[in-house]
Amino acid sequence: MNRVSFVMILCAVALAAVAVFSGETRTVEAVTCSPIELIPCLPAISTPPKPPSAACCRKVKEQLPCFCGYLKDPGAKPFIDNPNIPKVASSCGVAHAYPPKC
């Protein structure tokens, strides 16, 4: 009888753990910070600029956590510090996040 009780308690704990760790929980995916990921935005920051594509907006949103690092990187800073970037951020619906607060 003790063995049955132990198995039932173990099953209850396992079910509780599944309930806690599923459903409403969300995982945050790691972002690979690479300025090359923003290549779809080149037409939007070139002169004359074109409206940002859907791919550009996806990448801007994805790469937002990386912008502070890009601004500190001499190789990436000219791309991120471009005067058209605020327009791209606004068009992509992330104007509130640019310029980043580092």
# chains A, B, ... in the order shown; residues from 1 in each chain; ligands from 1

call {"tool": "residues_around", "arguments": {"residues": "segment 66-78 of chain A", "least_positions_apart": "2", "cutoff": "12 Å", "atoms": "only C-alpha atoms", "output": "count of residues only"}}
result
30

call {"tool": "residues_around", "arguments": {"residues": "Cys56 of chain A", "least_positions_apart": "3", "cutoff": "6 Å", "atoms": "only C-alpha atoms", "output": "list of chain:residue names"}}
result
A:Pro40, A:Cys41, A:Pro52, A:Ser53, A:Lys59

call {"tool": "atom_distance", "arguments": {"atom1": "atom CA of Pro51 of chain A", "atom2": "atom CA of Pro65 of chain A"}}
result
22.5 Å

call {"tool": "atom_distance", "arguments": {"atom1": "atom CA of Ser91 of chain A", "atom2": "atom CA of Ala55 of chain A"}}
result
12.6 Å
